[in-house]
Every structure is written in C-alpha cells, then in structure tokens.
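J.: Next comes my_file_19.txt, compact mmCIF, C-alpha atoms and all ligand atoms:
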```
# COMPACT_ATOMS: atom_id res chain seq x y z
CA MET A 1 -9.22 -29.98 -7.78
CA LYS A 2 -5.43 -29.57 -7.88
CA ALA A 3 -5.88 -26.41 -9.93
CA PHE A 4 -8.23 -25.11 -7.24
CA TRP A 5 -5.65 -25.58 -4.45
CA VAL A 6 -2.91 -24.06 -6.57
CA SER A 7 -5.00 -20.95 -7.29
CA LEU A 8 -6.07 -20.74 -3.63
CA ALA A 9 -2.41 -20.84 -2.59
CA LEU A 10 -1.68 -18.03 -5.03
CA ILE A 11 -4.45 -15.90 -3.56
CA VAL A 12 -3.50 -16.29 0.09
CA ALA A 13 0.30 -16.54 -0.16
CA PRO A 14 1.97 -13.21 0.57
CA ILE A 15 4.82 -12.33 -1.75
CA THR A 16 8.07 -12.89 0.13
CA VAL A 17 11.67 -12.29 -0.83
CA ALA A 18 14.96 -12.35 1.07
CA VAL A 19 15.39 -9.42 3.45
CA ALA A 20 18.57 -7.37 3.27
CA ALA A 21 19.24 -3.86 4.55
CA GLU A 22 18.19 -1.67 1.67
CA THR A 23 19.38 1.81 0.85
CA ALA A 24 17.70 2.24 -2.53
CA ILE A 25 14.10 3.01 -3.37
CA ARG A 26 12.95 1.02 -6.39
CA PRO A 27 9.72 2.43 -7.86
CA GLY A 28 7.36 -0.23 -9.14
CA ALA A 29 9.29 -3.16 -7.64
CA ILE A 30 8.27 -5.52 -4.84
CA TRP A 31 9.14 -3.65 -1.62
CA PRO A 32 9.91 -6.17 1.15
CA ASP A 33 9.26 -5.30 4.80
CA ASP A 34 11.42 -6.56 7.68
CA LYS A 35 9.90 -10.02 7.29
CA GLY A 36 10.48 -10.15 3.55
CA VAL A 37 6.80 -9.62 2.74
CA HIS A 38 5.78 -7.04 0.11
CA ILE A 39 4.59 -3.95 2.01
CA ASN A 40 0.80 -3.91 2.22
CA ALA A 41 -0.08 -0.22 2.65
CA HIS A 42 -1.80 0.98 -0.51
CA GLY A 43 -3.29 4.44 -1.01
CA GLY A 44 -1.19 5.38 1.98
CA GLY A 45 0.42 8.29 3.72
CA VAL A 46 3.31 8.82 6.12
CA LEU A 47 3.39 10.46 9.55
CA LEU A 48 6.71 11.54 11.09
CA HIS A 49 6.51 11.24 14.87
CA ASP A 50 9.41 11.48 17.35
CA GLY A 51 11.98 10.85 14.62
CA VAL A 52 10.24 7.77 13.23
CA TYR A 53 8.25 7.57 9.98
CA TYR A 54 4.99 5.64 10.06
CA TRP A 55 3.49 4.48 6.76
CA PHE A 56 -0.26 3.78 6.94
CA GLY A 57 -2.19 2.27 4.05
CA GLU A 58 -4.90 -0.07 2.85
CA HIS A 59 -4.17 -3.73 3.60
CA LYS A 60 -5.18 -5.60 0.44
CA ILE A 61 -5.72 -9.30 -0.10
CA GLY A 62 -5.28 -11.24 -3.34
CA GLY A 63 -7.62 -11.21 -6.29
CA ASP A 64 -10.42 -8.83 -7.08
CA ALA A 65 -11.75 -9.26 -3.52
CA GLY A 66 -8.71 -7.27 -2.39
CA ASN A 67 -10.39 -4.07 -3.53
CA ARG A 68 -12.60 -4.31 -0.46
CA ALA A 69 -11.44 -4.19 3.17
CA HIS A 70 -10.99 -7.63 4.73
CA ILE A 71 -8.28 -6.81 7.27
CA GLY A 72 -8.04 -3.03 7.80
CA VAL A 73 -5.35 -0.37 7.77
CA HIS A 74 -1.75 -1.59 7.98
CA VAL A 75 1.11 0.40 9.56
CA TYR A 76 4.89 0.13 9.12
CA SER A 77 7.69 2.09 10.79
CA SER A 78 11.10 3.25 9.61
CA ARG A 79 13.81 5.71 10.65
CA HIS A 80 15.26 6.08 7.15
CA LEU A 81 12.39 5.43 4.69
CA THR A 82 13.99 2.47 2.95
CA ASN A 83 13.69 -0.41 5.45
CA TRP A 84 10.21 -0.79 6.95
CA LYS A 85 9.18 -2.75 10.03
CA ASP A 86 5.75 -4.35 10.03
CA GLU A 87 3.86 -2.82 13.00
CA GLY A 88 0.66 -4.74 12.29
CA ILE A 89 -2.92 -3.65 11.73
CA ALA A 90 -3.61 -0.16 13.07
CA LEU A 91 -7.38 -0.23 12.43
CA SER A 92 -9.12 -3.59 12.10
CA VAL A 93 -12.33 -4.27 10.23
CA VAL A 94 -14.93 -6.15 12.29
CA ASP A 95 -17.34 -9.07 11.92
CA ASP A 96 -20.38 -7.15 13.22
CA PRO A 97 -22.69 -6.67 10.19
CA MET A 98 -24.16 -3.56 11.84
CA SER A 99 -20.79 -1.80 11.89
CA ASP A 100 -19.77 0.63 9.11
CA ILE A 101 -16.36 -1.03 9.01
CA VAL A 102 -17.59 -4.60 8.67
CA LYS A 103 -15.42 -6.92 6.54
CA GLY A 104 -16.29 -6.27 2.89
CA SER A 105 -16.76 -2.52 3.27
CA VAL A 106 -14.37 -0.28 1.33
CA ILE A 107 -11.69 1.57 3.31
CA GLU A 108 -9.42 3.68 1.14
CA ARG A 109 -6.62 6.22 1.37
CA PRO A 110 -6.24 6.27 5.19
CA LYS A 111 -4.16 9.15 6.56
CA VAL A 112 -3.05 9.79 10.15
CA ILE A 113 -2.19 13.08 11.84
CA TYR A 114 -1.13 13.84 15.42
CA ASN A 115 -3.01 16.32 17.55
CA LYS A 116 -0.54 18.01 19.92
CA LYS A 117 -3.30 19.37 22.17
CA THR A 118 -5.22 16.13 22.73
CA ARG A 119 -2.12 13.95 22.24
CA LYS A 120 -4.22 11.63 20.09
CA PHE A 121 -3.42 10.13 16.72
CA VAL A 122 -6.32 10.75 14.38
CA MET A 123 -7.00 8.64 11.28
CA TRP A 124 -9.37 9.65 8.49
CA PHE A 125 -10.28 7.44 5.55
CA HIS A 126 -12.69 7.16 2.66
CA LEU A 127 -15.44 4.72 3.60
CA GLU A 128 -17.94 2.94 1.39
CA LEU A 129 -20.55 0.90 3.23
CA LYS A 130 -20.65 -2.81 2.42
CA GLY A 131 -22.67 -3.79 -0.62
CA LEU A 132 -23.33 -0.28 -1.88
CA GLY A 133 -20.49 0.03 -4.37
CA TYR A 134 -19.17 3.59 -4.23
CA LYS A 135 -22.53 5.24 -3.47
CA SER A 136 -21.92 6.06 0.21
CA ALA A 137 -19.00 8.48 -0.32
CA ARG A 138 -18.36 8.96 3.42
CA ALA A 139 -15.47 10.00 5.62
CA GLY A 140 -14.54 7.67 8.50
CA VAL A 141 -12.61 8.69 11.62
CA ALA A 142 -10.65 6.59 14.14
CA VAL A 143 -8.48 7.58 17.10
CA ALA A 144 -5.56 6.06 19.00
CA ASP A 145 -3.35 6.92 21.98
CA LYS A 146 -0.38 5.16 20.42
CA VAL A 147 0.79 5.86 16.88
CA THR A 148 0.64 2.24 15.76
CA GLY A 149 -2.81 1.78 17.29
CA PRO A 150 -5.12 0.14 17.97
CA TYR A 151 -7.29 2.85 16.40
CA VAL A 152 -10.82 3.04 17.76
CA TYR A 153 -13.48 3.72 15.15
CA GLN A 154 -15.47 6.91 15.93
CA GLY A 155 -18.01 6.97 13.11
CA SER A 156 -18.57 8.10 9.54
CA PHE A 157 -20.44 10.89 7.83
CA ARG A 158 -20.70 13.09 4.79
CA PRO A 159 -18.95 16.29 5.83
CA ASN A 160 -20.25 19.82 6.07
CA ALA A 161 -24.02 19.20 6.22
CA GLY A 162 -25.84 22.53 6.37
CA VAL A 163 -22.73 24.58 5.58
CA TRP A 164 -22.02 26.48 2.36
CA PRO A 165 -18.50 26.55 0.89
CA VAL A 166 -16.82 29.93 1.40
CA ASN A 167 -16.46 30.40 -2.35
CA LEU A 168 -19.88 29.47 -3.78
CA SER A 169 -21.86 32.11 -5.64
CA GLU A 170 -25.48 32.84 -4.66
CA ALA A 171 -26.62 31.58 -8.07
CA ASP A 172 -24.94 28.21 -7.46
CA LYS A 173 -26.85 27.70 -4.19
CA ASP A 174 -29.73 26.41 -6.31
CA PRO A 175 -30.15 22.62 -5.73
CA ALA A 176 -31.29 22.20 -9.32
CA LYS A 177 -28.02 23.68 -10.53
CA THR A 178 -25.19 22.21 -8.46
CA VAL A 179 -24.40 18.99 -6.60
CA VAL A 180 -22.99 20.98 -3.68
CA ALA A 181 -26.40 22.62 -3.27
CA ARG A 182 -28.21 19.30 -3.81
CA ASP A 183 -26.19 17.81 -0.91
CA PHE A 184 -26.36 20.89 1.34
CA GLU A 185 -28.73 19.34 3.91
CA THR A 186 -27.28 15.81 4.03
CA GLY A 187 -23.58 16.58 3.78
CA GLN A 188 -21.08 16.55 0.95
CA MET A 189 -19.87 13.40 -0.82
CA ALA A 190 -16.34 12.49 0.29
CA ARG A 191 -14.27 9.96 -1.66
CA ASP A 192 -10.49 10.11 -2.42
CA MET A 193 -8.92 12.06 0.42
CA THR A 194 -5.90 13.25 2.29
CA LEU A 195 -5.16 15.23 5.46
CA PHE A 196 -2.80 18.17 5.93
CA VAL A 197 -1.57 19.93 9.08
CA ASP A 198 -0.40 23.49 8.47
CA ASP A 199 2.41 25.25 10.39
CA ASP A 200 -0.16 26.88 12.69
CA GLY A 201 -1.53 23.50 13.77
CA LYS A 202 -4.77 23.85 11.80
CA ALA A 203 -5.65 20.65 9.98
CA TYR A 204 -7.54 20.14 6.72
CA HIS A 205 -9.40 17.30 5.02
CA LEU A 206 -9.21 17.34 1.23
CA TYR A 207 -11.74 15.09 -0.51
CA ALA A 208 -13.15 14.39 -3.97
CA SER A 209 -16.76 15.57 -3.78
CA GLU A 210 -19.75 16.48 -5.93
CA GLU A 211 -19.86 13.11 -7.79
CA ASN A 212 -16.04 13.37 -8.02
CA HIS A 213 -16.23 16.49 -10.15
CA THR A 214 -15.00 19.00 -7.55
CA MET A 215 -12.56 18.64 -4.65
CA HIS A 216 -13.18 20.33 -1.31
CA ILE A 217 -10.74 21.49 1.33
CA SER A 218 -12.36 21.45 4.74
CA GLN A 219 -10.85 22.77 7.96
CA LEU A 220 -10.99 20.37 10.91
CA SER A 221 -12.08 21.11 14.47
CA GLU A 222 -9.32 21.72 17.04
CA ASP A 223 -9.38 18.06 18.05
CA TYR A 224 -9.20 17.03 14.35
CA LEU A 225 -12.23 14.77 14.79
CA ARG A 226 -14.81 16.59 12.66
CA PRO A 227 -15.19 19.42 10.17
CA ALA A 228 -14.83 22.88 11.73
CA GLY A 229 -17.55 24.35 9.51
CA LYS A 230 -15.38 26.16 6.98
CA TYR A 231 -14.61 24.70 3.57
CA ALA A 232 -13.91 25.72 -0.01
CA ARG A 233 -14.37 24.18 -3.43
CA MET A 234 -10.93 23.74 -4.97
CA MET A 235 -11.01 23.36 -8.76
CA PRO A 236 -14.73 23.55 -9.60
CA MET A 237 -15.69 20.83 -12.13
CA GLY A 238 -11.99 19.99 -12.51
CA ASP A 239 -12.55 16.20 -12.18
CA ASP A 240 -9.70 15.69 -9.71
CA GLU A 241 -9.01 12.83 -7.30
CA ALA A 242 -6.01 11.23 -5.52
CA PRO A 243 -5.03 14.47 -3.74
CA ALA A 244 -1.52 14.96 -2.33
CA ILE A 245 -0.82 18.38 -0.80
CA PHE A 246 2.38 19.96 0.52
CA LYS A 247 3.77 23.37 1.47
CA ARG A 248 7.03 24.90 0.29
CA ASN A 249 8.29 28.43 0.93
CA GLY A 250 4.86 29.51 2.17
CA ARG A 251 2.98 28.29 -0.90
CA TYR A 252 0.68 25.29 -1.12
CA TYR A 253 1.09 22.69 -3.87
CA LEU A 254 -1.38 20.00 -4.83
CA LEU A 255 -0.95 16.94 -7.04
CA THR A 256 -3.99 15.03 -8.28
CA SER A 257 -5.14 12.64 -10.99
CA GLY A 258 -8.11 12.55 -13.32
CA LEU A 259 -11.05 10.18 -12.94
CA THR A 260 -10.57 6.80 -14.60
CA GLY A 261 -11.14 4.31 -11.77
CA TRP A 262 -8.12 2.04 -11.25
CA ALA A 263 -6.71 2.87 -14.70
CA PRO A 264 -3.95 5.48 -14.77
CA ASN A 265 -4.35 8.87 -16.41
CA PRO A 266 -2.33 12.11 -16.62
CA ALA A 267 -1.43 13.69 -13.27
CA LYS A 268 -2.17 17.34 -12.57
CA SER A 269 -0.52 19.95 -10.36
CA TYR A 270 -1.70 23.20 -8.75
CA VAL A 271 -0.38 26.01 -6.57
CA ALA A 272 -2.08 28.44 -4.17
CA ASP A 273 -0.92 31.27 -1.93
CA HIS A 274 -3.76 30.63 0.52
CA ILE A 275 -4.98 27.24 1.63
CA PHE A 276 -8.57 28.04 0.64
CA GLY A 277 -7.36 29.03 -2.83
CA PRO A 278 -7.69 30.12 -5.52
CA TRP A 279 -5.71 27.19 -6.96
CA LYS A 280 -3.84 27.80 -10.18
CA ALA A 281 -3.18 24.90 -12.58
CA LEU A 282 0.51 24.17 -13.25
CA GLY A 283 -0.04 21.32 -15.71
CA ASN A 284 1.12 17.72 -15.82
CA PRO A 285 4.08 17.30 -13.41
CA VAL A 286 5.40 14.20 -15.20
CA ARG A 287 8.59 14.66 -17.20
CA GLY A 288 9.51 11.82 -19.54
CA THR A 289 8.10 10.22 -22.65
CA PRO A 290 4.59 11.15 -23.87
CA GLU A 291 3.51 7.64 -22.84
CA GLN A 292 4.82 8.17 -19.30
CA ALA A 293 3.08 11.53 -19.09
CA ALA A 294 -0.20 10.08 -20.39
CA VAL A 295 -0.40 7.48 -17.60
CA THR A 296 1.75 8.94 -14.78
CA PHE A 297 4.18 6.01 -15.03
CA GLY A 298 1.19 3.66 -14.71
CA GLY A 299 0.05 4.98 -11.33
CA GLN A 300 -1.71 7.59 -9.24
CA SER A 301 -0.67 9.99 -6.48
CA THR A 302 -1.44 9.30 -2.83
CA PHE A 303 0.84 11.53 -0.70
CA VAL A 304 3.79 13.89 -0.73
CA LEU A 305 6.29 13.27 2.04
CA PRO A 306 8.44 16.20 3.22
CA TYR A 307 12.00 15.05 3.84
CA ARG A 308 14.73 17.43 5.04
CA GLY A 309 13.55 20.37 2.95
CA ARG A 310 12.85 18.15 -0.07
CA PHE A 311 9.68 16.35 -1.09
CA ILE A 312 9.02 12.77 -2.09
CA PHE A 313 6.09 11.88 -4.35
CA MET A 314 4.29 8.71 -3.24
CA GLY A 315 2.04 6.93 -5.71
CA ASP A 316 0.29 3.60 -6.27
CA ILE A 317 0.46 1.37 -9.29
CA TRP A 318 -2.83 -0.45 -8.80
CA ARG A 319 -3.34 -4.10 -9.68
CA PRO A 320 -7.13 -4.30 -9.28
CA LYS A 321 -7.32 -7.93 -10.50
CA ASP A 322 -4.85 -8.97 -7.78
CA ALA A 323 -4.95 -6.05 -5.38
CA ILE A 324 -2.26 -7.33 -2.99
CA ASP A 325 0.28 -7.09 -5.82
CA GLY A 326 -0.21 -3.31 -6.15
CA ARG A 327 3.13 -1.51 -6.32
CA TYR A 328 4.41 1.76 -4.93
CA PHE A 329 6.31 4.39 -6.83
CA TRP A 330 8.12 6.96 -4.77
CA LEU A 331 9.98 9.60 -6.75
CA PRO A 332 11.89 12.75 -5.82
CA ILE A 333 10.05 15.99 -6.55
CA GLU A 334 12.22 18.31 -8.62
CA TRP A 335 11.56 21.95 -9.44
CA GLU A 336 11.32 23.52 -12.87
CA ASN A 337 10.47 27.24 -12.93
CA GLU A 338 8.83 26.89 -9.50
CA LYS A 339 6.73 23.96 -10.74
CA PRO A 340 6.99 20.55 -9.06
CA VAL A 341 7.97 17.83 -11.54
CA ILE A 342 8.67 14.09 -11.31
CA ARG A 343 10.88 11.86 -13.46
CA TRP A 344 10.97 8.08 -13.47
CA ARG A 345 13.97 6.38 -11.86
CA ASP A 346 14.42 2.62 -11.70
CA GLN A 347 16.11 3.19 -8.38
CA TRP A 348 17.38 6.08 -6.29
CA THR A 349 18.63 6.87 -2.79
CA LEU A 350 17.79 9.61 -0.32
CA LYS A 351 21.27 10.99 -0.93
CA ASP A 352 20.23 11.70 -4.53
CA LEU A 353 17.75 14.26 -3.16
CA GLU A 354 20.58 16.51 -2.04
CA GLY A 355 21.82 17.05 -5.61
CA LEU A 356 18.41 17.95 -7.03
CA LYS A 357 17.15 21.30 -8.23
C1 LIG A 401 -9.65 5.71 -8.05
C2 LIG A 401 -9.32 6.11 -6.65
O1 LIG A 401 -8.25 6.99 -6.65
C3 LIG A 401 -9.00 4.87 -5.84
O2 LIG A 401 -8.65 5.25 -4.54
C4 LIG A 401 -10.20 3.99 -5.89
O3 LIG A 401 -11.28 4.65 -5.27
C5 LIG A 401 -10.56 3.66 -7.31
N1 LIG A 401 -10.79 4.86 -8.07
C6 LIG A 401 -11.78 2.79 -7.41
O4 LIG A 401 -12.14 2.60 -8.75
```
Let's see the structure in the file written out as structure tokens.
T.:
Amino acid sequence: MKAFWVSLALIVAPITVAVAAETAIRPGAIWPDDKGVHINAHGGGVLLHDGVYYWFGEHKIGGDAGNRAHIGVHVYSSRHLTNWKDEGIALSVVDDPMSDIVKGSVIERPKVIYNKKTRKFVMWFHLELKGLGYKSARAGVAVADKVTGPYVYQGSFRPNAGVWPVNLSEADKDPAKTVVARDFETGQMARDMTLFVDDDGKAYHLYASEENHTMHISQLSEDYLRPAGKYARMMPMGDDEAPAIFKRNGRYYLLTSGLTGWAPNPAKSYVADHIFGPWKALGNPVRGTPEQAAVTFGGQSTFVLPYRGRFIFMGDIWRPKDAIDGRYFWLPIEWENEKPVIRWRDQWTLKDLEGLK
C-alpha cells in the first residue's frame, strides 16, 4: 500500500526547484516557471504580442496518461524569453462526454495567432477524439478576446473537404491512387501542425496529412477561423511531421522530422521562394556527432521563434512514459551557405545570438 501512495505522489507531484532570475537557456534541463514548477507547455509555440512573448503548449500530466489531454493548453508569458510567468490554462478540456475536447481526448501542438482585423486570438491544434487513438486526425479551433484566454472552443474538422490542392495532377485525382483523392469529399487528415502569419497578414495552417505521408499548407480565411479554400501539398510522400516554418530575407524555411512516433529521428530542412512551394530539401540541419544528427539531440521540432532578426529553434524531448517530464530544447539557428543549422549547447544566452553567423 505504501508503494502505491509513493508512486501516486510521484505521478501527481509537479517538479519544483528554487526560482532565481535566469539569463541562460539550458536545453534539455528542467525549466522552472515563476513558481519553480517545470514549464508545462509541450509541442508548443510562441506568440509575440505588445512586447510580451506568450508560450502556449500541451499541459501534460505524469505517466503514460499524460499523452492524452486531462487539463488543456497551458500559457506562460515573458518579456525576455528566459523567465516565464505561469498564466494558467488558456483552453480547458471539459467533462461533457459529448464534447470533442472532453478529458481524455488528444490535444497536440497548439499554436496561437492574432488577427488584427477581428482583434481575436485564434488557437489551432491537432485533435484526436477520445478513445479513437490517432484515427480522427482533425484540426480544432478556439478563440479568445484576451491573449491568455479563456479560449472558447469553436469546433473541429478535417480541412479542405471538396477542394483539390493547387498542385495535384489530374492523374492523382483518382481515389484509388492517392489518399488526398480518397479524402476529397470528407476533408483531409490533419495531425502535427503549426500556424504561420505572413508579412501581408495572410495566415496558413501546415499539417501532416495523407496518413502522415504528405504535409499540406492551407491558407486560412481572413478571420483565421477556417480554411480559405486554397492549399498545396508540400513534399509529396516525404513522410514529414513536426513542422516549424519561418521567413528570412523573403524566403520561407521549414524544419520537420520523420515519422517514428515519440522516438526521435533525423530532422529535415527545406526552403521555398513561394509559400505554396515548390519546397527544396536542404538536408539534416543538425551539426554535431553522427549520433546527435541521427536523433536530433533526442528530440523533435515544434516551432521557430523569430527574435530580433535571428531565429530560435524550439523542440521537445518527449518522455512518453512520464509525459510531464518532457523537456524543451531551444537552440540558436545558425547559417551555413544559406542553410539553417543547429548545434547543441548545454546552455546559452540571448546575447550569444548576436555573435552568430
Ligand atoms: C509524433 C508527433 O510529432 C507528436 O506530436 C505525437 O503526435 C506523437 N507522434 C504521437 O506518437
């Protein structure tokens, strides 16, 4: 019985350490928030709004159960990216068994963007309905008036039902030949995802589709709440997930991973002159030992954060057996012959970015 209470305490006890003003970023280490609790924002992304950074991510609980949503999407704020204030749960799961976002559903890789016209904060996430494993492959949308929430759930769907990608050949419109044609009527599968707002205010939803074999980039409506009806296949049959997109000097860059569940694999990078492609492969962005390159330092991309003309790679080191203990690895993006590359650092500061190539 004692063993039971000890293991229960281990499952529910958040990891806490002493809080001190921090100037370094320590990839892979426990990252305490303002209360000394390890930040709980996995598969996350960051929104800069009115000079403050907001980090949104999956709130995980302990054990294997933590791979499903029991609490919701957590948000933290910071002015300087090193010390983060816990702003609470931005989107809460609910008890109602009829709701898509009932406790025990899967809510992954939430991202938030701000719509200047509607003045709403719009969150998209990958949703798997409770009890169906990863079969649902849906996109969920929630909206808030205030950046930290509460976000109000709007619904979920498979995007782009009844719409062909702009770059699909006539021959591939045969449902017997391609998954994109098979799913034409009902909408496209949407798993690992991110959002991107371009300089012209147009927003895009990037998602792993077609049984995870092909990513799509899908323009959003002006209010950012649904697909606009224009999308492209990105790297057909490239087996990419964990998308993180950014723009530098007018060109679009994309970092992804391969498909091995929670286990790490080699990262990939791409560049395009136009957002709808074509995307050209630039290879594995990891610089280091062959072991580091083979497993992307043990993790997977989730977001690239622009910071004063530089870019910060954000990734997750998953701990699927004890999900709450998942770690973050943020690394500076460096440039090598116009290719984005990342190197491991045990710790670094934002000042280090200034001296980089
Ligand atoms: C890899 C994805 O990148 C994660 O977000 C998650 O969906 C896991 N697969 C589940 O196995």
J.: Go through the chains and note each residue within 6 Å of ligand LIG 401 (chain A), using only C-alpha atoms and all ligand atoms, then give the set as a ChimeraX atom specification.
T.: /A:108,192,241-242,261-262
J.: Quick one: contact table of range 185-229 of chain A to range 135-142 of chain A, 10 Å max, nearest atom pair and distance in Å to one decimal per residue, counting all atoms listed in the file, chain and number order, as a tab-separated table?
T.:
```
residue	atom	partner	partner_atom	distance
A:Gly187	CA	A:Arg138	CA	9.2
A:Gln188	CA	A:Ala137	CA	8.4
A:Met189	CA	A:Ala137	CA	5.0
A:Ala190	CA	A:Ala137	CA	4.9
A:Arg191	CA	A:Ala137	CA	5.1
A:Asp192	CA	A:Ala137	CA	8.9
A:Met193	CA	A:Ala139	CA	8.6
A:His205	CA	A:Ala139	CA	9.5
A:Tyr207	CA	A:Ala139	CA	8.8
A:Ala208	CA	A:Ala137	CA	9.1
A:Ser209	CA	A:Ala137	CA	8.2
A:Glu210	CA	A:Ala137	CA	9.8
A:Glu211	CA	A:Ala137	CA	8.8
A:Asn212	CA	A:Ala137	CA	9.6
A:Tyr224	CA	A:Val141	CA	9.4
A:Leu225	CA	A:Val141	CA	6.9
A:Arg226	CA	A:Val141	CA	8.3
```
J.: For Pro159 in chain A, which of A:Asn67, A:Gln347, A:Thr256, A:Thr186 is the closest residue, counting only C-alpha atoms?
T.: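 Checking each of A:Asn67, A:Gln347, A:Thr256, A:Thr186 against Pro159 in chain A, counting only C-alpha atoms, the winner is A:Thr186.
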J.: Set the distance at 8 Å and use only C-alpha atoms: which residues neighbour Gln300 in chain A once local chain neighbours fewer than 2 positions away are removed? I'd like the list as a list of chain:residue names.
T.: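 Contacts, in chain order: A:Ala242, A:Thr256, A:Ser257, A:Pro264, A:Asn265, A:Ala267, A:Thr296, A:Gly298, A:Thr302, A:Gly315, A:Asp316, A:Ile317.
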J.: Go ahead and find all residues with at least one atom no further than 10 Å from (10.0, -4.3, 1.3) in the file's coordinates, using all atoms listed in the file; report them as number ranges by chain.
T.: A: 16-22, 25-26, 29-40, 82-86
